[in-house]
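Colleague: Next comes the structure file start-v8.txt, holding compact mmCIF, C-alpha atoms.
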```txt
# COMPACT_ATOMS: atom_id res chain seq x y z
CA MET A 1314 60.27 39.88 14.49
CA VAL A 1315 60.31 36.18 15.40
CA GLU A 1316 57.81 35.20 18.05
CA ILE A 1317 59.19 32.97 20.80
CA THR A 1318 56.59 30.44 21.85
CA GLU A 1319 56.14 29.07 25.33
CA GLY A 1320 57.03 25.60 24.04
CA ALA A 1321 60.33 26.84 22.61
CA LEU A 1322 61.20 28.52 25.91
CA GLY A 1323 60.41 25.30 27.75
CA ARG A 1324 62.67 23.23 25.46
CA VAL A 1325 65.57 25.66 25.95
CA CYS A 1326 65.18 25.50 29.72
CA THR A 1327 64.93 21.71 29.72
CA LEU A 1328 68.00 21.19 27.52
CA VAL A 1329 70.36 23.86 28.80
CA MET A 1330 69.64 24.66 32.44
CA PRO A 1331 70.71 21.28 33.91
CA HIS A 1332 74.27 22.08 32.74
CA LEU A 1333 74.44 25.53 34.36
CA ASN A 1334 75.14 26.72 37.87
CA GLU A 1335 72.73 28.84 39.88
CA ARG A 1336 73.89 32.22 38.55
CA GLN A 1337 74.03 31.05 34.95
CA ARG A 1338 70.48 29.68 35.16
CA ARG A 1339 69.30 32.97 36.61
CA LEU A 1340 70.94 34.99 33.81
CA LEU A 1341 69.59 32.67 31.11
CA ALA A 1342 66.09 32.98 32.52
CA GLY A 1343 66.43 36.77 32.55
CA ALA A 1344 67.66 36.80 28.95
CA LEU A 1345 64.79 34.58 27.79
CA ALA A 1346 62.30 36.78 29.62
CA ARG A 1347 63.65 39.91 27.92
CA ALA A 1348 63.61 38.16 24.52
CA ALA A 1349 60.01 37.01 25.02
CA GLY A 1350 58.85 40.58 25.53
CA THR A 1351 55.69 41.46 27.42
CA GLY A 1352 54.76 38.80 29.95
CA GLY A 1353 58.13 37.12 29.46
CA ILE A 1354 58.96 36.96 33.17
CA THR A 1355 55.74 35.13 33.98
CA THR A 1356 56.14 32.76 31.02
CA VAL A 1357 59.79 31.89 31.75
CA ALA A 1358 59.02 31.38 35.43
CA SER A 1359 56.25 28.97 34.45
CA VAL A 1360 58.27 26.84 32.00
CA SER A 1361 61.53 26.83 34.01
CA GLY A 1362 60.07 26.19 37.45
CA MET A 1363 61.81 29.27 38.85
CA SER A 1364 60.12 31.92 40.92
CA ARG A 1365 59.22 35.24 39.34
CA SER A 1366 61.60 37.06 41.68
CA THR A 1367 64.52 34.90 40.52
CA VAL A 1368 63.77 35.59 36.85
CA GLN A 1369 63.42 39.30 37.65
CA ASP A 1370 66.80 39.26 39.42
CA GLY A 1371 68.41 37.68 36.35
CA ALA A 1372 66.89 40.27 34.04
CA ARG A 1373 67.96 43.08 36.36
CA GLU A 1374 71.55 41.79 36.46
CA LEU A 1375 71.62 41.81 32.66
CA ASP A 1376 70.16 45.32 32.54
CA GLU A 1377 72.82 46.55 34.97
CA GLN A 1378 75.48 44.97 32.72
CA GLU A 1379 77.48 43.53 35.60
CA SER A 1380 80.95 42.30 34.66
CA PRO A 1381 81.44 38.50 34.49
CA SER A 1382 82.20 36.97 37.89
CA GLU A 1383 82.89 33.53 39.32
CA ARG A 1384 80.49 34.24 42.17
CA VAL A 1385 77.25 32.29 41.99
CA ARG A 1386 75.38 34.62 44.33
CA ARG A 1387 75.66 38.31 45.00
CA PRO A 1388 77.82 39.40 47.96
CA GLY A 1389 75.84 39.00 51.14
CA ALA A 1390 73.48 36.41 49.68
CA GLY A 1391 72.94 33.04 51.27
CA ARG A 1392 72.46 31.92 54.84
CA PRO A 1393 74.46 33.91 57.41
CA LYS A 1394 77.21 32.07 59.25
CA LEU A 1395 76.20 30.38 62.47
CA THR A 1396 79.04 32.11 64.30
CA ASP A 1397 77.65 35.48 63.18
CA LYS A 1398 74.24 34.66 64.61
CA ASP A 1399 75.73 33.07 67.74
CA PRO A 1400 78.86 35.06 68.72
CA THR A 1401 79.64 32.98 71.84
CA LEU A 1402 79.52 29.61 70.06
CA LEU A 1403 83.23 29.36 69.23
CA THR A 1404 84.27 30.56 72.68
CA ASP A 1405 82.12 27.95 74.42
CA LEU A 1406 83.28 25.22 72.04
CA ASP A 1407 86.94 26.07 72.62
CA ALA A 1408 86.40 25.98 76.39
CA LEU A 1409 84.86 22.50 76.13
CA VAL A 1410 87.63 21.09 73.95
CA GLU A 1411 90.52 22.39 76.04
CA PRO A 1412 89.19 22.86 79.58
CA GLU A 1413 92.59 22.47 81.24
CA THR A 1414 93.90 25.56 79.45
CA ARG A 1415 90.85 27.57 80.50
CA GLY A 1416 91.27 27.06 84.24
CA ASP A 1417 88.46 24.49 84.51
CA PRO A 1418 90.02 21.21 85.69
CA MET A 1419 86.63 19.90 86.88
CA CYS A 1420 85.01 20.04 83.43
CA PRO A 1421 83.27 16.69 82.77
CA LEU A 1422 84.53 16.57 79.18
CA ARG A 1423 87.97 15.08 78.71
CA TRP A 1424 89.97 14.13 75.64
CA THR A 1425 88.67 10.57 75.87
CA CYS A 1426 85.09 11.68 75.19
CA LYS A 1427 85.51 14.68 72.91
CA SER A 1428 83.39 13.33 70.08
CA THR A 1429 81.42 15.80 67.99
CA THR A 1430 78.20 14.23 69.28
CA THR A 1431 79.21 14.76 72.90
CA LEU A 1432 80.35 18.31 72.22
CA ALA A 1433 77.13 19.10 70.35
CA LYS A 1434 75.01 17.85 73.26
CA ALA A 1435 77.02 19.97 75.69
CA LEU A 1436 76.63 23.05 73.49
CA VAL A 1437 72.89 22.47 73.12
CA ALA A 1438 72.63 22.26 76.91
CA MET A 1439 74.34 25.66 77.02
CA GLY A 1440 71.69 27.14 74.74
CA HIS A 1441 73.35 26.82 71.33
CA ARG A 1442 71.58 25.35 68.30
CA VAL A 1443 74.21 23.14 66.71
CA SER A 1444 74.59 19.63 65.25
CA PRO A 1445 77.54 17.18 65.46
CA ASP A 1446 78.43 17.85 61.80
CA THR A 1447 78.50 21.59 62.44
CA VAL A 1448 80.74 21.05 65.48
CA GLY A 1449 83.18 19.12 63.28
CA ASN A 1450 83.23 21.91 60.70
CA LEU A 1451 83.79 24.54 63.39
CA LEU A 1452 86.66 22.57 64.92
CA ARG A 1453 88.38 22.30 61.55
CA THR A 1454 87.82 26.01 60.97
CA VAL A 1455 89.67 26.99 64.15
CA GLY A 1456 92.55 24.59 63.54
CA TYR A 1457 91.57 21.38 65.35
CA SER A 1458 91.93 17.92 63.83
CA LEU A 1459 91.49 14.32 64.94
CA GLN A 1460 94.77 13.19 66.49
CA ALA A 1461 96.01 10.25 68.49
CA THR A 1462 98.19 10.70 71.55
CA SER A 1463 101.91 11.16 70.92
CA LYS A 1464 104.51 9.40 73.06
CA GLN A 1465 107.06 12.15 73.71
CA LEU A 1466 107.24 12.63 77.48
CA GLU A 1467 110.15 10.58 78.82
CA GLY A 1468 110.41 11.99 82.31
CA ALA A 1469 113.72 12.89 83.91
CA GLU A 1470 116.76 12.08 81.78
CA HIS A 1471 119.78 10.45 83.39
CA PRO A 1472 122.90 12.61 83.04
CA ASP A 1473 124.87 9.66 81.63
CA ARG A 1474 122.17 8.58 79.17
CA ASP A 1475 123.90 9.95 76.09
CA ALA A 1476 127.28 8.60 77.16
CA GLY A 1477 125.75 5.18 77.74
CA PHE A 1478 124.28 5.00 74.25
CA ARG A 1479 127.54 6.23 72.74
CA TYR A 1480 129.33 3.38 74.51
CA LEU A 1481 126.80 0.84 73.24
CA ASN A 1482 127.10 2.18 69.70
CA ALA A 1483 130.90 1.99 69.85
CA GLN A 1484 130.71 -1.63 71.03
CA VAL A 1485 128.36 -2.55 68.19
CA GLU A 1486 130.52 -0.85 65.57
CA GLY A 1487 133.66 -2.49 66.95
CA HIS A 1488 132.17 -5.98 66.85
CA LEU A 1489 130.81 -5.48 63.34
CA GLU A 1490 134.16 -4.21 62.06
CA GLN A 1491 135.82 -7.36 63.42
CA GLY A 1492 133.23 -9.61 61.80
CA GLN A 1493 131.70 -10.66 65.11
CA PRO A 1494 127.93 -11.24 65.34
CA VAL A 1495 125.74 -8.58 66.95
CA ILE A 1496 122.08 -9.30 67.64
CA SER A 1497 119.15 -7.41 69.12
CA VAL A 1498 116.57 -9.49 70.98
CA ASP A 1499 113.09 -8.84 72.31
CA THR A 1500 109.91 -10.70 73.20
CA LYS A 1501 107.00 -9.84 70.94
CA LYS A 1502 103.30 -9.67 71.75
CA LYS A 1503 101.87 -12.96 72.98
CA GLU A 1504 99.21 -14.45 70.75
CA LEU A 1505 96.36 -16.86 71.41
CA VAL A 1506 96.62 -20.17 69.56
CA GLY A 1507 93.50 -21.46 67.84
CA ALA A 1508 90.42 -20.17 66.05
CA TYR A 1509 90.41 -16.70 67.57
CA PRO A 1510 89.41 -13.39 65.94
CA ASN A 1511 92.29 -11.27 64.74
CA LYS A 1512 92.57 -7.84 63.18
CA GLY A 1513 93.20 -7.54 59.48
CA ARG A 1514 91.70 -9.11 56.38
CA GLU A 1515 92.73 -11.75 53.86
CA TRP A 1516 91.44 -12.93 50.51
CA GLN A 1517 88.73 -15.57 50.77
CA PRO A 1518 85.91 -16.75 48.48
CA LYS A 1519 83.04 -14.28 48.59
CA ALA A 1520 80.71 -14.70 51.59
CA GLU A 1521 82.94 -17.45 53.02
CA PRO A 1522 84.95 -15.85 55.86
CA VAL A 1523 87.08 -17.95 58.17
CA ARG A 1524 84.94 -18.90 61.15
CA VAL A 1525 86.41 -18.09 64.55
CA GLY A 1526 85.18 -18.13 68.11
CA VAL A 1527 82.84 -15.46 69.41
CA HIS A 1528 84.94 -15.00 72.56
CA ASP A 1529 88.70 -14.83 72.92
CA PHE A 1530 89.09 -16.55 76.27
CA PRO A 1531 92.45 -18.39 76.32
CA ASP A 1532 92.40 -22.17 76.24
CA PRO A 1533 94.37 -23.48 79.26
CA ALA A 1534 95.17 -26.68 77.38
CA VAL A 1535 96.86 -24.77 74.54
CA GLY A 1536 98.16 -21.60 76.16
CA LYS A 1537 99.63 -18.69 74.26
CA ALA A 1538 102.33 -18.44 71.63
CA VAL A 1539 105.33 -16.40 72.77
CA PRO A 1540 107.32 -14.98 69.81
CA TYR A 1541 110.92 -14.08 70.59
CA GLY A 1542 112.67 -12.04 67.93
CA VAL A 1543 116.37 -12.09 67.09
CA TYR A 1544 117.64 -9.40 64.73
CA ASP A 1545 121.09 -9.78 63.17
CA LEU A 1546 122.43 -6.23 62.78
CA GLY A 1547 125.31 -7.21 60.52
CA ALA A 1548 123.24 -9.26 58.07
CA ASN A 1549 120.12 -7.10 58.48
CA GLU A 1550 118.02 -10.22 58.93
CA GLY A 1551 115.43 -11.22 61.48
CA TRP A 1552 114.59 -14.57 63.01
CA VAL A 1553 111.66 -15.42 65.27
CA GLY A 1554 111.35 -18.35 67.60
CA VAL A 1555 107.92 -19.24 68.94
CA GLY A 1556 107.40 -21.06 72.20
CA ALA A 1557 104.51 -21.98 74.45
CA ASP A 1558 106.45 -21.40 77.67
CA ASN A 1559 106.23 -18.25 79.74
CA ASP A 1560 108.44 -15.29 78.93
CA THR A 1561 111.27 -16.38 81.22
CA ALA A 1562 115.03 -15.98 81.13
CA ALA A 1563 115.41 -19.69 80.37
CA PHE A 1564 113.10 -19.33 77.36
CA ALA A 1565 115.02 -16.29 76.09
CA VAL A 1566 118.40 -17.98 76.42
CA ASN A 1567 117.12 -21.18 74.82
CA THR A 1568 115.76 -19.21 71.87
CA ILE A 1569 119.07 -17.41 71.34
CA GLY A 1570 120.80 -20.79 71.50
CA ARG A 1571 118.52 -22.20 68.81
CA TRP A 1572 119.19 -19.15 66.64
CA TRP A 1573 122.93 -19.70 66.98
CA GLN A 1574 122.67 -23.39 66.15
CA THR A 1575 120.45 -22.91 63.09
CA VAL A 1576 121.55 -19.51 61.74
CA GLY A 1577 124.36 -17.82 63.65
CA SER A 1578 126.98 -20.57 63.53
CA VAL A 1579 126.48 -20.89 59.78
CA ALA A 1580 126.69 -17.15 59.11
CA TYR A 1581 129.63 -16.58 61.50
CA PRO A 1582 131.74 -19.76 61.53
CA ASP A 1583 134.83 -17.91 62.82
CA ALA A 1584 133.07 -15.97 65.58
CA THR A 1585 134.73 -15.90 68.99
CA ARG A 1586 132.12 -13.84 70.85
CA LEU A 1587 128.52 -12.68 70.52
CA LEU A 1588 127.24 -9.20 71.41
CA ILE A 1589 123.60 -9.16 72.52
CA THR A 1590 121.63 -5.91 72.83
CA ALA A 1591 118.29 -5.94 74.65
CA ASP A 1592 115.84 -3.55 76.29
CA ALA A 1593 116.88 -4.80 79.75
CA GLY A 1594 113.32 -5.63 80.78
CA GLY A 1595 111.24 -8.76 81.29
CA SER A 1596 112.97 -12.05 80.49
CA ASN A 1597 116.19 -10.22 79.56
CA GLY A 1598 116.06 -7.70 82.39
CA TYR A 1599 119.24 -6.22 83.80
CA ARG A 1600 118.28 -7.44 87.30
CA ASN A 1601 117.33 -10.92 86.14
CA ARG A 1602 120.02 -13.24 87.52
CA PRO A 1603 118.98 -16.32 85.48
CA TRP A 1604 119.34 -14.22 82.31
CA LYS A 1605 122.85 -13.18 83.28
CA ARG A 1606 123.88 -16.64 84.48
CA GLU A 1607 122.54 -18.69 81.60
```
Output the structure of this file as C-alpha cells.

Modeller:
Amino acid sequence: MVEITEGALGRVCTLVMPHLNERQRRLLAGALARAAGTGGITTVASVSGMSRSTVQDGARELDEQESPSERVRRPGAGRPKLTDKDPTLLTDLDALVEPETRGDPMCPLRWTCKSTTTLAKALVAMGHRVSPDTVGNLLRTVGYSLQATSKQLEGAEHPDRDAGFRYLNAQVEGHLEQGQPVISVDTKKKELVGAYPNKGREWQPKAEPVRVGVHDFPDPAVGKAVPYGVYDLGANEGWVGVGADNDTAAFAVNTIGRWWQTVGSVAYPDATRLLITADAGGSNGYRNRPWKRE
C-alpha cells in the first residue's frame, strides 16, 4: 500500500482545486481524505484550508454514491431568499413603485424619484432590511425595468383627421407624379453660437479636449443660430438654411426662397408650382398671416 504524505496532499490541492467549483472541491477533498486513511479528514482540512465539516460532507457524498449533478450545493443549501424571510417586502415595494394603482394618490414617491436608493430608504423606514442593489434585483424579478416615458396620448381625435391626411397624401402623390416639387419644412432646435458645451464626443489628441465656457448664457451680441430645414420628398434630399434672425414667417419664407434659387430651380427647371407641407405651427403656422401672404 502506497502511503500518501501530507506534502503530496498539499500539492494536489494547490494544483487542482483552483480549477474546480465548490462541489468539485468538496468531493476531491473527501476522496483524498478517504485515500489517506486514518486521520485523513484532519490532514486534508489542514492542507486545503477547508473546514473539517466540509471535508466530511464531501466524503459522505462519495459514500452515499450520489449521481452526478450540475448543482454546486445540496437542495436547500445557501442563504434563504430575502422575500422568504420578509414576506411583506414585495408587497410594500410594489405599492411604492405604483402608488396610483394602489389607491394612494398622496404617496410622496412619484415616477420622477423612483430610484433604487430612494425606494430602499423608504423600505428601510417601513422596517425592511434592504439595499439599493437588492431593490433593483427585486424589481427585475417581478417584471419591472428602467423605461423612459412614451409619447402615445394624443387627446381627442378630430373626426376628419384621417380624411385630412388622405387628402394631403393624395396632393403629394399627384404633384410627384407630375414632376412638380414637393417639400417639407420645419424649424429645428435653436443653437448657441460660440464656445459653448455640447453633448457628444469627437476625436481629439489625448488629454487635449476643446475648451468651452463653463456657463451657457447666450451672448446678446451673437444671438442664436436658427436652422430651418427643407426636405425634398421627390429627390429624398435635405437642405438646411441657418439664420441669426428670430423664427418668423419672413425668415421661413426667405429660407424657402434661397432653397429654390440654389437647389430647387436647378432640380425642377420646368416646375410650375411648389407644394409645401409644414406642421402648421410657429413661423409657418396656419393662423400666421405673414406666412400665408409672403

Colleague: Give me the residues within 12 Å of Gly1320 of chain A as number ranges by chain, counting only C-alpha atoms and dropping any in the same chain fewer than 3 places off.

Modeller: A: 1316-1317, 1323-1327, 1349, 1356-1357, 1359-1361

Colleague: Which one is closest to Gly1547 of chain A: A:Glu1486, A:Glu1335, A:Asp1376, A:Glu1467? Count all atoms listed in the file.

Modeller: A:Glu1486

Colleague: Within 12 Å of segment 1400-1404 of chain A, counting all atoms listed in the file, which residues show up once you throw out same-chain ones fewer than 4 positions away? Write them as a list of chain:residue names, please.

Modeller: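 Selected residues are A:Lys1394, A:Leu1395, A:Thr1396, A:Ala1408, A:Leu1409, A:Val1410, A:Glu1411, A:Pro1412, A:Arg1415, A:Leu1432, A:Ala1433, A:Ala1435, A:Leu1436, A:Val1437, A:Met1439, A:Gly1440, A:His1441, A:Arg1442, A:Val1443, A:Thr1447, A:Val1448, A:Gly1449, A:Asn1450, A:Leu1451, A:Leu1452, A:Arg1453, A:Thr1454, A:Val1455, A:Gly1456.
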
Colleague: Show me, as a PyMOL selection string, the residues that have an atom within 12 Å of Arg1602 of chain A when counting only C-alpha atoms, minus same-chain residues fewer than 4 positions from it.

Modeller: chain A and resi 1561-1563+1593+1595-1598+1606-1607

Colleague: Quick one: pull the distance between atom CA of His1528 of chain A and atom CA of Gly1513 of chain A, Å, one decimal.

Modeller: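 About the pair atom CA of His1528 of chain A and atom CA of Gly1513 of chain A: they are 17.2 Å apart.
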
Colleague: Work out how far atom CA of Ile1569 of chain A is from atom CA of Leu1546 of chain A, in Å to one decimal.

Modeller: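 Spanning atom CA of Leu1546 of chain A to atom CA of Ile1569 of chain A is a straight-line distance of 14.5 Å.
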
Colleague: Extract, using all atoms listed in the file, all DNA, RNA and protein residues at most 10 Å from Gly1551 of chain A, discarding same-chain residues fewer than 4 positions from it, and format them as a PyMOL selection string.

Modeller: chain A and resi 1496-1498+1542-1546

Colleague: For segment 1336-1338 of chain A, list every protein, DNA or RNA residue within 9 Å, evaluated using only C-alpha atoms, and leave out those in the same chain fewer than 2 positions away; present the list as an MDAnalysis selection string.

Modeller: chainID A and resid 1326 1329:1334 1340:1343 1371 1384:1386

Colleague: Kindly give the distance, in Å, that separates atom CA of Gln1493 of chain A and atom CA of Val1553 of chain A, rounded to a single decimal.

Modeller: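 Atom CA of Val1553 of chain A lies 20.6 Å from atom CA of Gln1493 of chain A.
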
Colleague: Can you work out which one of A:Arg1339, A:Lys1605, A:Arg1347, A:Lys1464 has the shortest atom-to-atom distance to Gly1362 of chain A, counting only C-alpha atoms?

Modeller: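 So, comparing all the options, the nearest one is A:Arg1339.
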
Colleague: Give as a ChimeraX atom specification the set of residues within 8 Å of the point (103.0, -11.8, 73.2), where distances use the file's coordinates and all atoms listed in the file.

Modeller: /A:1500-1504,1537-1540
